[in-house]
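The next block holds one structure in the form of structure tokens; read it before the comments.
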Amino acid sequence: MLITLKHGSRARALEMGKHVHVYIPEKKAPEGGFKTLYLLHGYYGDYTTWVYETNLLRYAEQYDLVIVMPDGGNSFYVNHPNGLNYHDYITNDLRVRIEETFHVSTKKEDRFIAGFSMGGYGALYLGLNHPELYHKIAALSPGIELEKMEEHFINFLLGEPVYKFQKLFGNEPIKNSHFDLYHIVKKMDDQNLFISCGESDFLFEENKRFQAYLNNQNIPHTYVFKPGDHVYAYWDQEIQTVLSFLMET
């Protein structure tokens with residue numbers, strides 16, 4: 001069952017209404033409620049992206065899992081120094097709304113977060129910043145080195161982005177800031193981490209560097225590299241692996 005909700009942001013993180021897709025298994029919830037996955041879209045996307053660009057709903061049928069697909073705009077799912085607070089929206093407003101509305105578990109071990117591209121960064125950023133909330137984190141083709149992202153837009157995507165990164169992340173350098181995943185990953189605590197990136201992806205090299213860092217720091221994780229590019233065909237394939245990873249005991 002796919003439900004579309006429009007809700008307000010009770011803590012005024014965004015000061016606007018937001019749509020969200022919620023997939024609910026068509027069966028009685030287990031005792032304690034369904035497990036929940038917060039599934040994030042990429043840049044240029046919205047809350048409909050996973051439904052219309054992949055076969056997610058068909059893959060999800062075999063699992064007792066509620067999947068929440070929020071609208072993150074082009075936010076990278078962070079609190080903007082001079083703008084909106086998407087970190088607070090996903091972590092607080094939306095999560096509380098979902099847990100008050102649906103029969104889902106509120107235990108950390110039953111709550112997951114994942115995403116692709118910008119949403120892959122968002123899943124890592126939010127998940128690692130909140131080890132008390134998310135037990136498993138999965139990132140597909142994530143942007144890792146945000147200081148290179150404007151260059152990626154110009155060289156690989158659609159030219160110079162409309163949203164200047166100074167508006168998203170402030171004027172201070174991203175590297176070594178609280179937006180830097182190399183620092184955030186040190187907060188990981190009793191969590192399972194899965195990352196996948198295609199070998200032809202323009203983000204491949206920075207994912208390789210991040211993998212090497214995780215290995216050098218003895219940070220537990222699963223990193224998968226396989227043939228593929230920064231395209232929906234790859235994410236459609238890998239979301240199947242992600243669902244299996246999240247639901248395995």
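Going through the structure tokens in order, the chains are called A, B, and so on, while each chain numbers its residues from 1 and the ligands are numbered from 1 in the order shown.
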
Compile the contact shell of Val22 (chain A) as a tab-separated table (two decimals) with N, CA and C atoms, in the first residue's frame: residues with an atom at most 8 Å away, counting only C-alpha atoms, same-chain residues fewer than 3 positions apart removed.
```tsv
chain	number	residue	atom	x	y	z
A	2	LEU	N	0.62	2.15	-0.92
A	2	LEU	CA	1.38	3.39	-0.99
A	2	LEU	C	0.46	4.54	-0.61
A	3	ILE	N	0.87	5.29	0.42
A	3	ILE	CA	0.10	6.43	0.90
A	3	ILE	C	0.90	7.70	0.65
A	4	THR	N	0.24	8.74	0.21
A	4	THR	CA	0.87	10.05	0.07
A	4	THR	C	0.30	10.98	1.13
A	5	LEU	N	1.17	11.52	1.95
A	5	LEU	CA	0.77	12.44	3.01
A	5	LEU	C	1.30	13.83	2.72
A	66	VAL	N	8.10	-0.77	6.63
A	66	VAL	CA	7.52	0.49	6.19
A	66	VAL	C	8.64	1.33	5.59
A	67	ILE	N	8.39	1.91	4.41
A	67	ILE	CA	9.40	2.72	3.74
A	67	ILE	C	8.88	4.14	3.62
A	68	VAL	N	9.60	5.07	4.20
A	68	VAL	CA	9.22	6.48	4.22
A	68	VAL	C	10.11	7.23	3.23
A	69	MET	N	9.49	7.88	2.25
A	69	MET	CA	10.23	8.58	1.20
A	69	MET	C	9.92	10.07	1.26
```

Q: Might you pull out every residue within 9 Å of region 214-231 of chain A, with only C-alpha atoms counted and same-chain residues fewer than 4 positions away left off, and present them as a PyMOL selection string?
A: chain A and resi 117+141+182+185-186+188+191-204+207-210+235-236

Atoms kept (C-alpha atoms) for selection, written as a tab-separated table (two decimals), in the first residue's frame:
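After the write, out-v1.tsv holds the following:
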```tsv
chain	number	residue	atom	x	y	z
A	117	SER	CA	23.66	10.16	-4.64
A	141	SER	CA	26.72	6.21	-5.07
A	182	TYR	CA	35.53	11.73	7.39
A	185	VAL	CA	31.99	8.54	10.64
A	186	LYS	CA	33.98	8.51	13.87
A	188	MET	CA	29.52	5.45	14.47
A	191	GLN	CA	25.68	0.51	13.64
A	192	ASN	CA	25.95	-1.45	10.40
A	193	LEU	CA	27.18	0.46	7.36
A	194	PHE	CA	26.74	-0.53	3.70
A	195	ILE	CA	28.00	1.56	0.77
A	196	SER	CA	27.89	0.74	-2.95
A	197	CYS	CA	29.24	2.64	-5.94
A	198	GLY	CA	29.56	1.83	-9.63
A	199	GLU	CA	33.04	1.59	-11.11
A	200	SER	CA	32.13	4.04	-13.93
A	201	ASP	CA	30.53	6.55	-11.56
A	202	PHE	CA	32.10	10.03	-11.42
A	203	LEU	CA	32.07	9.59	-7.62
A	204	PHE	CA	34.00	6.32	-7.77
A	207	ASN	CA	34.37	6.46	-2.66
A	208	LYS	CA	37.58	4.46	-3.05
A	209	ARG	CA	39.38	7.00	-0.88
A	210	PHE	CA	36.65	6.79	1.75
A	235	TRP	CA	20.25	2.04	-7.96
A	236	ASP	CA	17.35	-0.20	-8.99
```

**Q.** Pick from A:Tyr43, A:Phe169, A:Phe245, A:Phe102 nearest to Asn85 (chain A), counting only C-alpha atoms
**A.** A:Phe169

(Q) Which residue is closest to Glu145 (chain A)? Choose from A:Ile184, A:Ile174, A:Leu128, A:Leu168 and count only C-alpha atoms. (A) A:Ile174

Q: Determine which residues of region 21-207 of chain A receive a DSSP assignment of helix (DSSP H, G or I), computed from the backbone, and state them as a PyMOL selection string.
A: chain A and resi 49-53+56-60+86-101+108-110+118-129+146-156+165-169+181-187+204-207

Q: Considering only C-alpha atoms, return as a ChimeraX atom specification whatever protein or nucleic-acid residues lie within 9 Å of Lys18 (chain A), sequence-local ones (same chain, fewer than 6 positions apart) excluded.
A: /A:5-9,70-71

Deliver the residues from the most recent selection as a file, using C-alpha atoms, as an mmCIF file, in the first residue's frame.
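Everything below was put into selection_35.cif:
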```cif
data_model
loop_
_atom_site.group_PDB
_atom_site.id
_atom_site.type_symbol
_atom_site.label_atom_id
_atom_site.label_comp_id
_atom_site.auth_asym_id
_atom_site.auth_seq_id
_atom_site.Cartn_x
_atom_site.Cartn_y
_atom_site.Cartn_z
ATOM 1 C CA LEU A 5 0.773 12.439 3.007
ATOM 2 C CA LYS A 6 1.065 16.179 3.193
ATOM 3 C CA HIS A 7 2.009 17.393 6.631
ATOM 4 C CA GLY A 8 3.265 20.483 8.361
ATOM 5 C CA SER A 9 6.583 20.869 10.104
ATOM 6 C CA PRO A 70 10.467 12.263 2.140
ATOM 7 C CA ASP A 71 10.928 15.316 -0.052
#
```

Q: Considering only C-alpha atoms, return as a PyMOL selection string whatever protein or nucleic-acid residues lie within 12 Å of region 44-50 of chain A, sequence-local ones (same chain, fewer than 2 positions apart) excluded.
A: chain A and resi 2-6+18-23+38-42+52-60+67-76+114-119+153+157-158+161-163+232-233+235-236+239

Q | Nearest to His152 (chain A), chosen from A:Glu206, A:Asp110, A:Val78, A:Glu31, with only C-alpha atoms counted in the distances | A |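 Checking each candidate against His152 (chain A), we get A:Glu206 as the closest.
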
Q: With a distance cut-off of 10 Å and only C-alpha atoms, select the neighbouring residues of Asp93 (chain A), excluding the residue or stretch itself and same-chain residues fewer than 3 positions from it, and output the selection as a PyMOL selection string.
A: chain A and resi 7-14+86-90+96-98

**Q.** Sel. of strand (DSSP E or B) residues, region 11-228 of chain A, as a ChimeraX atom specification
**A.** /A:18-23,34-40,65-70,79,85,104,111-116,136-140,192-198,222-226

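CA of Lys108 (chain A) is found 9.1 Å from CA of Lys136 (chain A).
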